[in-house]
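Colleague: Data: query28.pdb, PDB, C-alpha atoms.
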ATOM      1  CA  MET A   1       0.000   0.000   0.000
ATOM      2  CA  LEU A   2       1.161   3.541  -0.754
ATOM      3  CA  LEU A   3       0.049   6.360   1.563
ATOM      4  CA  ARG A   4       0.377   9.526  -0.487
ATOM      5  CA  GLY A   5       0.458  13.194   0.540
ATOM      6  CA  ALA A   6       0.605  12.771   4.319
ATOM      7  CA  SER A   7       1.903  15.249   6.868
ATOM      8  CA  LEU A   8       4.291  13.022   8.812
ATOM      9  CA  ALA A   9       4.989  13.961  12.429
ATOM     10  CA  THR A  10       7.891  12.482  14.387
ATOM     11  CA  LEU A  11       8.286  13.069  18.112
ATOM     12  CA  ASP A  12      11.995  12.489  18.777
ATOM     13  CA  PRO A  13      13.343  14.774  17.438
ATOM     14  CA  PRO A  14      10.122  16.732  16.805
ATOM     15  CA  ALA A  15       9.503  17.383  13.105
ATOM     16  CA  VAL A  16       6.697  17.574  10.548
ATOM     17  CA  GLU A  17       7.166  17.038   6.810
ATOM     18  CA  ARG A  18       5.016  16.254   3.786
ATOM     19  CA  ALA A  19       5.892  12.828   2.370
ATOM     20  CA  ASP A  20       4.609   9.482   1.118
ATOM     21  CA  LEU A  21       4.878   6.136   2.929
ATOM     22  CA  ARG A  22       5.102   2.676   1.390
ATOM     23  CA  LEU A  23       3.833  -0.231   3.488
ATOM     24  CA  GLU A  24       4.586  -3.903   3.011
ATOM     25  CA  GLY A  25       2.763  -6.200   5.414
ATOM     26  CA  GLU A  26       3.052  -4.634   8.873
ATOM     27  CA  ARG A  27       6.116  -2.478   8.124
ATOM     28  CA  ILE A  28       6.864   0.919   6.621
ATOM     29  CA  VAL A  29       9.573   0.147   4.057
ATOM     30  CA  GLU A  30      10.008   3.479   2.266
ATOM     31  CA  ARG A  31       9.524   7.180   2.952
ATOM     32  CA  ALA A  32      10.068   9.994   0.434
ATOM     33  CA  PRO A  33       8.391  13.215  -0.803
ATOM     34  CA  ALA A  34       7.012  11.666  -4.016
ATOM     35  CA  LEU A  35       6.933   7.885  -4.385
ATOM     36  CA  ALA A  36       5.744   6.296  -7.625
ATOM     37  CA  ALA A  37       3.051   3.642  -7.263
ATOM     38  CA  GLY A  38       4.157   0.114  -8.064
ATOM     39  CA  ALA A  39       2.256  -2.348 -10.200
ATOM     40  CA  GLY A  40      -0.898  -3.469  -8.420
ATOM     41  CA  GLU A  41      -0.134  -1.311  -5.384
ATOM     42  CA  GLU A  42      -3.108   0.160  -3.535
ATOM     43  CA  VAL A  43      -2.822   3.955  -3.295
ATOM     44  CA  LEU A  44      -4.527   5.968  -0.559
ATOM     45  CA  ASP A  45      -4.397   9.760  -0.925
ATOM     46  CA  LEU A  46      -4.319  11.255   2.578
ATOM     47  CA  GLU A  47      -4.649  14.852   1.330
ATOM     48  CA  GLY A  48      -2.347  16.240   4.009
ATOM     49  CA  ALA A  49      -3.820  14.283   6.915
ATOM     50  CA  LEU A  50      -1.520  14.050   9.933
ATOM     51  CA  VAL A  51       0.202  10.680  10.439
ATOM     52  CA  LEU A  52       1.781  10.043  13.864
ATOM     53  CA  PRO A  53       3.750   7.125  15.283
ATOM     54  CA  GLY A  54       1.616   4.929  17.525
ATOM     55  CA  LEU A  55       1.510   6.307  21.079
ATOM     56  CA  VAL A  56       2.275   4.281  24.220
ATOM     57  CA  ASN A  57       0.236   4.306  27.428
ATOM     58  CA  ALA A  58       2.830   3.199  29.967
ATOM     59  CA  HIS A  59       0.340   2.535  32.800
ATOM     60  CA  THR A  60      -3.354   1.839  32.546
ATOM     61  CA  HIS A  61      -6.094  -0.214  34.211
ATOM     62  CA  LEU A  62      -8.269  -1.653  31.461
ATOM     63  CA  TYR A  63     -10.530  -3.210  34.084
ATOM     64  CA  SER A  64     -11.865   0.297  34.819
ATOM     65  CA  ALA A  65     -13.004   0.908  31.217
ATOM     66  CA  LEU A  66     -16.667   0.252  32.071
ATOM     67  CA  ALA A  67     -16.628   2.442  35.191
ATOM     68  CA  ARG A  68     -17.451   5.652  33.340
ATOM     69  CA  GLY A  69     -20.750   6.971  34.686
ATOM     70  CA  MET A  70     -20.687   4.569  37.627
ATOM     71  CA  PRO A  71     -22.496   6.133  40.627
ATOM     72  CA  GLY A  72     -20.280   7.278  43.453
ATOM     73  CA  PRO A  73     -20.216   5.576  46.853
ATOM     74  CA  ALA A  74     -22.954   6.406  49.345
ATOM     75  CA  GLN A  75     -20.331   7.759  51.732
ATOM     76  CA  PRO A  76     -17.884  10.061  49.902
ATOM     77  CA  PRO A  77     -14.195   9.144  50.322
ATOM     78  CA  ARG A  78     -12.166  11.524  52.485
ATOM     79  CA  ASP A  79      -8.696  10.498  51.271
ATOM     80  CA  PHE A  80      -6.884   8.322  48.750
ATOM     81  CA  VAL A  81      -7.090   5.092  50.753
ATOM     82  CA  GLU A  82     -10.835   5.529  51.082
ATOM     83  CA  ILE A  83     -11.076   6.101  47.310
ATOM     84  CA  LEU A  84      -9.452   2.697  46.864
ATOM     85  CA  GLU A  85     -11.632   1.018  49.498
ATOM     86  CA  ARG A  86     -14.959   2.551  48.482
ATOM     87  CA  VAL A  87     -14.543   2.707  44.688
ATOM     88  CA  TRP A  88     -11.778   0.782  42.931
ATOM     89  CA  TRP A  89     -11.381  -2.208  45.246
ATOM     90  CA  ARG A  90     -15.159  -2.715  45.241
ATOM     91  CA  LEU A  91     -15.157  -2.547  41.444
ATOM     92  CA  ASP A  92     -12.297  -4.988  40.863
ATOM     93  CA  ARG A  93     -13.828  -7.545  43.279
ATOM     94  CA  ALA A  94     -17.026  -7.534  41.177
ATOM     95  CA  LEU A  95     -15.253  -8.417  37.895
ATOM     96  CA  ASP A  96     -15.798 -11.809  36.283
ATOM     97  CA  GLU A  97     -14.467 -13.341  33.057
ATOM     98  CA  GLU A  98     -17.040 -11.609  30.846
ATOM     99  CA  SER A  99     -16.529  -8.160  32.358
ATOM    100  CA  VAL A 100     -12.738  -8.511  32.150
ATOM    101  CA  HIS A 101     -13.025  -9.404  28.459
ATOM    102  CA  LEU A 102     -15.432  -6.544  27.700
ATOM    103  CA  SER A 103     -13.367  -4.044  29.697
ATOM    104  CA  GLY A 104     -10.288  -5.019  27.729
ATOM    105  CA  LEU A 105     -12.158  -4.763  24.440
ATOM    106  CA  VAL A 106     -13.694  -1.354  25.165
ATOM    107  CA  GLY A 107     -10.452   0.033  26.607
ATOM    108  CA  ALA A 108      -8.414  -1.168  23.624
ATOM    109  CA  ILE A 109     -10.914   0.295  21.130
ATOM    110  CA  GLU A 110     -10.777   3.667  22.908
ATOM    111  CA  ALA A 111      -6.969   3.533  22.890
ATOM    112  CA  ALA A 112      -6.870   2.774  19.161
ATOM    113  CA  ARG A 113      -9.253   5.645  18.410
ATOM    114  CA  SER A 114      -6.878   7.937  20.333
ATOM    115  CA  GLY A 115      -3.826   6.827  18.354
ATOM    116  CA  THR A 116      -2.427   4.657  21.164
ATOM    117  CA  THR A 117      -1.142   1.329  19.882
ATOM    118  CA  THR A 118       0.716  -0.071  22.920
ATOM    119  CA  LEU A 119      -0.726  -0.509  26.426
ATOM    120  CA  PHE A 120       1.106  -1.403  29.643
ATOM    121  CA  ASP A 121      -1.795  -2.746  31.689
ATOM    122  CA  HIS A 122      -1.882  -3.414  35.436
ATOM    123  CA  HIS A 123      -4.777  -5.804  36.035
ATOM    124  CA  ALA A 124      -6.795  -6.878  39.109
ATOM    125  CA  SER A 125      -9.921  -9.054  39.351
ATOM    126  CA  PRO A 126      -9.837 -10.916  42.708
ATOM    127  CA  ALA A 127     -12.892 -13.054  41.878
ATOM    128  CA  PHE A 128     -11.364 -14.122  38.549
ATOM    129  CA  ILE A 129      -7.585 -14.404  38.827
ATOM    130  CA  GLY A 130      -6.514 -17.586  37.045
ATOM    131  CA  GLY A 131      -6.733 -17.005  33.286
ATOM    132  CA  SER A 132      -7.546 -13.301  33.609
ATOM    133  CA  LEU A 133      -4.445 -12.159  31.718
ATOM    134  CA  ALA A 134      -5.121 -14.561  28.841
ATOM    135  CA  THR A 135      -8.684 -13.191  28.683
ATOM    136  CA  LEU A 136      -7.360  -9.635  28.601
ATOM    137  CA  ARG A 137      -4.772 -10.537  25.954
ATOM    138  CA  GLN A 138      -7.440 -12.010  23.695
ATOM    139  CA  ALA A 139      -9.515  -8.819  23.924
ATOM    140  CA  VAL A 140      -6.614  -6.453  23.225
ATOM    141  CA  GLU A 141      -5.270  -8.563  20.369
ATOM    142  CA  GLN A 142      -8.772  -8.678  18.860
ATOM    143  CA  VAL A 143      -8.436  -4.911  18.389
ATOM    144  CA  GLY A 144      -4.918  -5.374  16.991
ATOM    145  CA  LEU A 145      -2.961  -3.505  19.673
ATOM    146  CA  ARG A 146       0.293  -4.393  21.387
ATOM    147  CA  SER A 147       0.259  -4.788  25.152
ATOM    148  CA  VAL A 148       2.410  -5.656  28.165
ATOM    149  CA  LEU A 149       0.245  -7.318  30.804
ATOM    150  CA  CYS A 150       0.637  -8.181  34.487
ATOM    151  CA  TYR A 151      -1.535  -9.124  37.450
ATOM    152  CA  GLU A 152      -1.580  -7.028  40.631
ATOM    153  CA  THR A 153       0.046  -8.998  43.466
ATOM    154  CA  THR A 154      -1.277  -7.753  46.826
ATOM    155  CA  ASP A 155      -2.042  -8.904  50.358
ATOM    156  CA  ARG A 156      -5.339  -7.009  50.512
ATOM    157  CA  ASN A 157      -7.400 -10.114  49.585
ATOM    158  CA  GLY A 158      -5.601 -12.450  51.998
ATOM    159  CA  LEU A 159      -2.718 -14.845  51.417
ATOM    160  CA  PRO A 160      -4.714 -17.147  49.069
ATOM    161  CA  GLY A 161      -5.427 -14.127  46.872
ATOM    162  CA  ARG A 162      -1.781 -13.061  47.003
ATOM    163  CA  ASP A 163      -0.587 -16.519  46.019
ATOM    164  CA  ALA A 164      -3.144 -16.727  43.206
ATOM    165  CA  GLY A 165      -1.885 -13.382  41.885
ATOM    166  CA  LEU A 166       1.715 -14.559  41.947
ATOM    167  CA  GLY A 167       0.610 -17.737  40.216
ATOM    168  CA  GLU A 168      -1.245 -15.871  37.481
ATOM    169  CA  ASN A 169       1.847 -13.776  36.743
ATOM    170  CA  ARG A 170       3.993 -16.935  36.696
ATOM    171  CA  ASP A 171       1.609 -18.873  34.430
ATOM    172  CA  PHE A 172       1.186 -16.009  31.973
ATOM    173  CA  LEU A 173       4.940 -15.460  31.737
ATOM    174  CA  ALA A 174       5.520 -19.203  31.303
ATOM    175  CA  GLY A 175       3.219 -19.154  28.279
ATOM    176  CA  GLY A 176       5.685 -16.883  26.520
ATOM    177  CA  PRO A 177       5.099 -13.814  24.368
ATOM    178  CA  THR A 178       2.940 -13.572  21.261
ATOM    179  CA  PRO A 179       3.679 -11.249  18.326
ATOM    180  CA  LEU A 180       1.569  -8.563  20.047
ATOM    181  CA  THR A 181       1.766  -9.295  23.784
ATOM    182  CA  LEU A 182       4.461  -9.517  26.475
ATOM    183  CA  GLY A 183       4.204 -10.162  30.193
ATOM    184  CA  MET A 184       5.565  -8.499  33.331
ATOM    185  CA  ALA A 185       5.137  -9.237  37.043
ATOM    186  CA  GLY A 186       2.686  -6.895  38.756
ATOM    187  CA  ALA A 187       2.486  -5.556  42.308
ATOM    188  CA  HIS A 188      -0.002  -3.136  43.804
ATOM    189  CA  ALA A 189       1.895  -0.916  46.250
ATOM    190  CA  SER A 190       4.322  -1.296  49.115
ATOM    191  CA  PHE A 191       1.650  -0.533  51.741
ATOM    192  CA  THR A 192      -0.415  -3.571  50.667
ATOM    193  CA  LEU A 193       2.558  -5.979  50.578
ATOM    194  CA  SER A 194       4.365  -7.668  53.466
ATOM    195  CA  ASP A 195       8.096  -8.320  53.491
ATOM    196  CA  ASP A 196       7.350 -11.974  52.703
ATOM    197  CA  SER A 197       5.273 -10.955  49.683
ATOM    198  CA  LEU A 198       8.062  -8.705  48.387
ATOM    199  CA  ASP A 199      10.515 -11.581  48.756
ATOM    200  CA  ARG A 200       8.165 -13.854  46.796
ATOM    201  CA  LEU A 201       7.946 -11.244  44.047
ATOM    202  CA  SER A 202      11.739 -11.014  43.961
ATOM    203  CA  ALA A 203      11.954 -14.795  43.608
ATOM    204  CA  LEU A 204       9.404 -14.673  40.777
ATOM    205  CA  LEU A 205      11.474 -12.078  38.901
ATOM    206  CA  ALA A 206      14.622 -14.190  39.320
ATOM    207  CA  GLU A 207      12.762 -17.300  38.147
ATOM    208  CA  THR A 208      11.126 -15.728  35.076
ATOM    209  CA  LEU A 209      13.633 -12.942  34.242
ATOM    210  CA  ALA A 210      10.627 -10.638  34.014
ATOM    211  CA  SER A 211      10.421  -6.954  34.950
ATOM    212  CA  LEU A 212       8.253  -5.466  37.702
ATOM    213  CA  HIS A 213       5.310  -3.065  37.237
ATOM    214  CA  VAL A 214       4.485  -1.526  40.645
ATOM    215  CA  HIS A 215       2.643   1.443  42.182
ATOM    216  CA  VAL A 216       5.068   3.583  44.202
ATOM    217  CA  ALA A 217       4.413   6.502  46.566
ATOM    218  CA  GLU A 218       1.135   7.459  44.913
ATOM    219  CA  ASP A 219      -0.067   8.690  48.301
ATOM    220  CA  ARG A 220       1.604   9.561  51.605
ATOM    221  CA  ALA A 221       0.110   6.363  53.059
ATOM    222  CA  ASP A 222       2.571   4.323  50.996
ATOM    223  CA  VAL A 223       5.545   6.385  52.171
ATOM    224  CA  ASP A 224       4.469   6.384  55.823
ATOM    225  CA  ASP A 225       3.892   2.610  55.772
ATOM    226  CA  SER A 226       7.346   1.964  54.318
ATOM    227  CA  ARG A 227       9.048   4.117  56.945
ATOM    228  CA  GLU A 228       7.112   2.337  59.685
ATOM    229  CA  ARG A 229       8.031  -1.121  58.366
ATOM    230  CA  CYS A 230      11.700  -0.624  57.534
ATOM    231  CA  GLY A 231      12.683   2.911  58.555
ATOM    232  CA  ALA A 232      13.246   3.964  54.938
ATOM    233  CA  GLY A 233      11.380   5.196  51.878
ATOM    234  CA  VAL A 234       9.613   3.019  49.325
ATOM    235  CA  VAL A 235      12.518   2.964  46.864
ATOM    236  CA  GLU A 236      14.883   1.730  49.571
ATOM    237  CA  ARG A 237      12.356  -0.905  50.661
ATOM    238  CA  LEU A 238      12.150  -2.206  47.092
ATOM    239  CA  ARG A 239      15.950  -2.266  46.914
ATOM    240  CA  ARG A 240      16.254  -4.266  50.138
ATOM    241  CA  HIS A 241      13.997  -6.924  48.633
ATOM    242  CA  GLY A 242      15.813  -7.065  45.295
ATOM    243  CA  LEU A 243      13.081  -5.285  43.347
ATOM    244  CA  LEU A 244      14.796  -2.062  42.252
ATOM    245  CA  LEU A 245      16.044  -3.396  38.923
ATOM    246  CA  ARG A 246      16.647  -2.322  35.368
ATOM    247  CA  ARG A 247      13.343  -1.859  33.508
ATOM    248  CA  THR A 248      11.260  -1.768  36.712
ATOM    249  CA  LEU A 249       8.228   0.475  36.120
ATOM    250  CA  LEU A 250       7.669   2.728  39.150
ATOM    251  CA  VAL A 251       4.181   4.156  38.732
ATOM    252  CA  HIS A 252       3.013   7.560  40.067
ATOM    253  CA  GLY A 253       6.000   8.402  42.320
ATOM    254  CA  VAL A 254       4.192  11.504  43.566
ATOM    255  CA  HIS A 255       5.786  11.458  47.015
ATOM    256  CA  LEU A 256       9.279  10.305  46.075
ATOM    257  CA  THR A 257      12.079  12.727  46.865
ATOM    258  CA  GLU A 258      14.447  13.968  44.195
ATOM    259  CA  THR A 259      17.174  11.774  45.693
ATOM    260  CA  GLU A 260      14.919   8.714  45.443
ATOM    261  CA  LEU A 261      14.024   9.516  41.837
ATOM    262  CA  LEU A 262      17.662   9.877  40.826
ATOM    263  CA  ASP A 263      18.522   6.688  42.710
ATOM    264  CA  ALA A 264      15.770   4.792  40.891
ATOM    265  CA  GLN A 265      16.924   6.063  37.509
ATOM    266  CA  ALA A 266      20.551   5.215  38.288
ATOM    267  CA  ASN A 267      19.382   1.625  38.813
ATOM    268  CA  GLY A 268      17.676   1.565  35.403
ATOM    269  CA  ALA A 269      14.086   1.960  36.643
ATOM    270  CA  TRP A 270      11.495   4.016  34.769
ATOM    271  CA  LEU A 271       9.045   6.527  36.268
ATOM    272  CA  VAL A 272       5.475   6.640  34.932
ATOM    273  CA  HIS A 273       3.947   9.697  36.589
ATOM    274  CA  CYS A 274       0.246   9.578  35.479
ATOM    275  CA  PRO A 275      -0.717  13.272  35.847
ATOM    276  CA  ARG A 276      -4.409  12.810  34.989
ATOM    277  CA  SER A 277      -4.881  10.024  37.529
ATOM    278  CA  ASN A 278      -2.960  11.971  40.165
ATOM    279  CA  MET A 279      -5.184  14.993  39.553
ATOM    280  CA  ASN A 280      -8.375  12.892  39.751
ATOM    281  CA  ASN A 281      -7.282  11.426  43.090
ATOM    282  CA  ALA A 282      -5.915  14.743  44.404
ATOM    283  CA  VAL A 283      -2.644  13.130  45.501
ATOM    284  CA  GLY A 284      -0.252  15.720  44.067
ATOM    285  CA  GLN A 285       2.310  15.956  41.288
ATOM    286  CA  ALA A 286       5.451  13.880  40.751
ATOM    287  CA  HIS A 287       8.829  15.643  40.801
ATOM    288  CA  THR A 288       9.610  14.769  37.204
ATOM    289  CA  PRO A 289      12.267  17.497  36.608
ATOM    290  CA  ALA A 290      14.759  15.335  38.517
ATOM    291  CA  PHE A 291      14.234  12.495  36.055
ATOM    292  CA  ARG A 292      14.468  14.842  33.073
ATOM    293  CA  ARG A 293      17.720  16.391  34.302
ATOM    294  CA  ALA A 294      19.270  12.949  34.773
ATOM    295  CA  ALA A 295      18.164  11.842  31.303
ATOM    296  CA  LEU A 296      19.591  14.977  29.668
ATOM    297  CA  GLY A 297      22.761  14.962  31.748
TER     298      GLY A 297
END
Written as structure tokens, that's how I'd like the structure from this file.

Modeller:
Amino acid sequence: MLLRGASLATLDPPAVERADLRLEGERIVERAPALAAGAGEEVLDLEGALVLPGLVNAHTHLYSALARGMPGPAQPPRDFVEILERVWWRLDRALDEESVHLSGLVGAIEAARSGTTTLFDHHASPAFIGGSLATLRQAVEQVGLRSVLCYETTDRNGLPGRDAGLGENRDFLAGGPTPLTLGMAGAHASFTLSDDSLDRLSALLAETLASLHVHVAEDRADVDDSRERCGAGVVERLRRHGLLLRRTLLVHGVHLTETELLDAQANGAWLVHCPRSNMNNAVGQAHTPAFRRAALG
């Protein structure tokens, strides 16, 4: 296929130019201002339409895709922990196989319509753990998107729930990647994980050679809990349990100090700071300039 007359935007470095694109299968094989159509080649005139690279959502919860318009709790939450207890943890406990599949399908369709072609999803469905990631994968691949999936390991549903979450991560990773989907190991947040649970996650990473996708310091409750448990911040607690590794995704990071952010980046971790979610939950803003300075330096 030949895409003719597009305005092509690249993001790194930022640039816009008028050019044609030639596609073969799933790859762009040629780019030039005026390409001649080959024999039997389909030609689509874009008439200056903007063509962007596929965007990446580095942290999302597809299971919440059907929550739009959901009535609020009878008793309004007063802080972040109560938002979790009265809204999101009630929602994820109600999910079954059908709702997980439909949430994944609707969320992936909305992503595609927004130009997002890769999703890093952090999943939780305590009433449907085993097989939940395969169900989510099927829905996202049905739309044709790439994804990196994990299940949220947490103690909040008891030790059987924790062990089932670890098992779902292990089983999904053991199944190997597909052309569109990879796996990670997922963890909720330090304040919902015991030292034993962190050690079990560390063992899982060593066993599978996977990377970790974890909520970090989204709210002060996470920071305060870590200091109470081990006398140090969340980043140091992860380090002590062998979880501060290259390619670890630290999500939110609102209440990390600049020193902690630089320490995390020096160890090869990535910060995903989620400004819209942080605004919705009124938890604050991550100190991203520290990360940017380190990247540029």

Colleague: I'd like a table as a tab-separated table: residues in stretch 35-131 of chain A with an atom no more than 8 Å from stretch 159-181 of chain A, each row giving the shortest atom pair and its distance in Å to one decimal, only C-alpha atoms counted, sorted by chain and rising residue number.

Modeller:
residue	atom	partner	partner_atom	distance
A:Pro126	CA	A:Gly161	CA	6.9
A:Ile129	CA	A:Gly165	CA	6.5
A:Gly130	CA	A:Glu168	CA	5.6
A:Gly131	CA	A:Glu168	CA	7.0

Colleague: Please provide as a list of chain:residue names all residues within 12 Å of A:Glu26, with the sequence filter that same-chain residues fewer than 3 positions apart are discarded (counting all atoms listed in the file).

Modeller: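 Near A:Glu26, the qualifying residues are A:Met1, A:Arg22, A:Leu23, A:Val29, A:Gly144, A:Pro179, A:Leu180.
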
Colleague: Can you work out the spacing between atom CA of A:Ala134 and atom CA of A:Leu198 in Å, to one decimal?

Modeller: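 Distance between the two atoms: 24.3 Å.
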
Colleague: In Å, rounded to a single decimal, give me how far atom CA of A:Asp155 is from atom CA of A:Thr192.

Modeller: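 These two atoms are separated by 5.6 Å.
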
Colleague: Taking the file as shown, find all residues satisfying the PyMOL selection byres ((chain A and resi 106-111) around 12) and write them as an MDAnalysis selection string.

Modeller: chainID A and resid 54:57 60:68 99:105 112:121 136:147

Colleague: Given the choices A:Glu207, A:Glu258, A:Glu218, A:Asp12, which gets closest to A:Phe80 if the distance is worked out from all atoms listed in the file?

Modeller: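 Among A:Glu207, A:Glu258, A:Glu218, A:Asp12, it is A:Glu218 that comes nearest to A:Phe80.
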
Colleague: Write out as number ranges by chain each polymer residue whose atoms come within 8 Å of A:Arg247, counting only C-alpha atoms; drop sequence neighbours fewer than 6 positions from it.

Modeller: A: 211-212, 268-270

Colleague: Grab the residues selected above and save them as a short mmCIF file (atom, residue, chain, number, x, y, z; two decimals), in the frame of the given file with C-alpha atoms.

Modeller:
data_model
loop_
_atom_site.label_atom_id
_atom_site.label_comp_id
_atom_site.auth_asym_id
_atom_site.auth_seq_id
_atom_site.Cartn_x
_atom_site.Cartn_y
_atom_site.Cartn_z
CA SER A 211 10.42 -6.95 34.95
CA LEU A 212 8.25 -5.47 37.70
CA GLY A 268 17.68 1.56 35.40
CA ALA A 269 14.09 1.96 36.64
CA TRP A 270 11.50 4.02 34.77
#

Colleague: One number please: atom CA of A:Arg229 to atom CA of A:Arg78, in Å, one decimal.

Modeller: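 Answer for the atom CA of A:Arg229 to atom CA of A:Arg78 separation: 24.5 Å.
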
Colleague: What does the PyMOL selection byres ((chain A and resi 152) around 6) select in this file, as a compact mmCIF listing (two decimals) with C-alpha atoms, in the coordinates of the input?

Modeller:
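The resulting file, expr.txt, is shown below:
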# COMPACT_ATOMS: atom_id res chain seq x y z
CA HIS A 123 -4.78 -5.80 36.03
CA ALA A 124 -6.80 -6.88 39.11
CA TYR A 151 -1.54 -9.12 37.45
CA THR A 153 0.05 -9.00 43.47
CA GLY A 186 2.69 -6.90 38.76
CA ALA A 187 2.49 -5.56 42.31
CA HIS A 188 0.00 -3.14 43.80

Colleague: Translate the PyMOL selection byres ((chain A and resi 251) around 7) into a concrete residue list for this structure, as a count of residues only.

Modeller: 10

Colleague: Pick out the closest residue to A:Glu47 from this set: A:Ala6, A:Ala15, A:Val283, A:Ala74. Count only C-alpha atoms.

Modeller: A:Ala6

Colleague: Closest to A:Thr259 among A:Val148, A:Leu84, A:Val235, A:Leu204, using all atoms listed in the file?

Modeller: A:Val235

Colleague: Can you work out which one of A:Val81, A:Ala58, A:Cys274, A:Ala127 has the shortest atom-to-atom distance to A:Arg93, counting all atoms listed in the file?

Modeller: A:Ala127
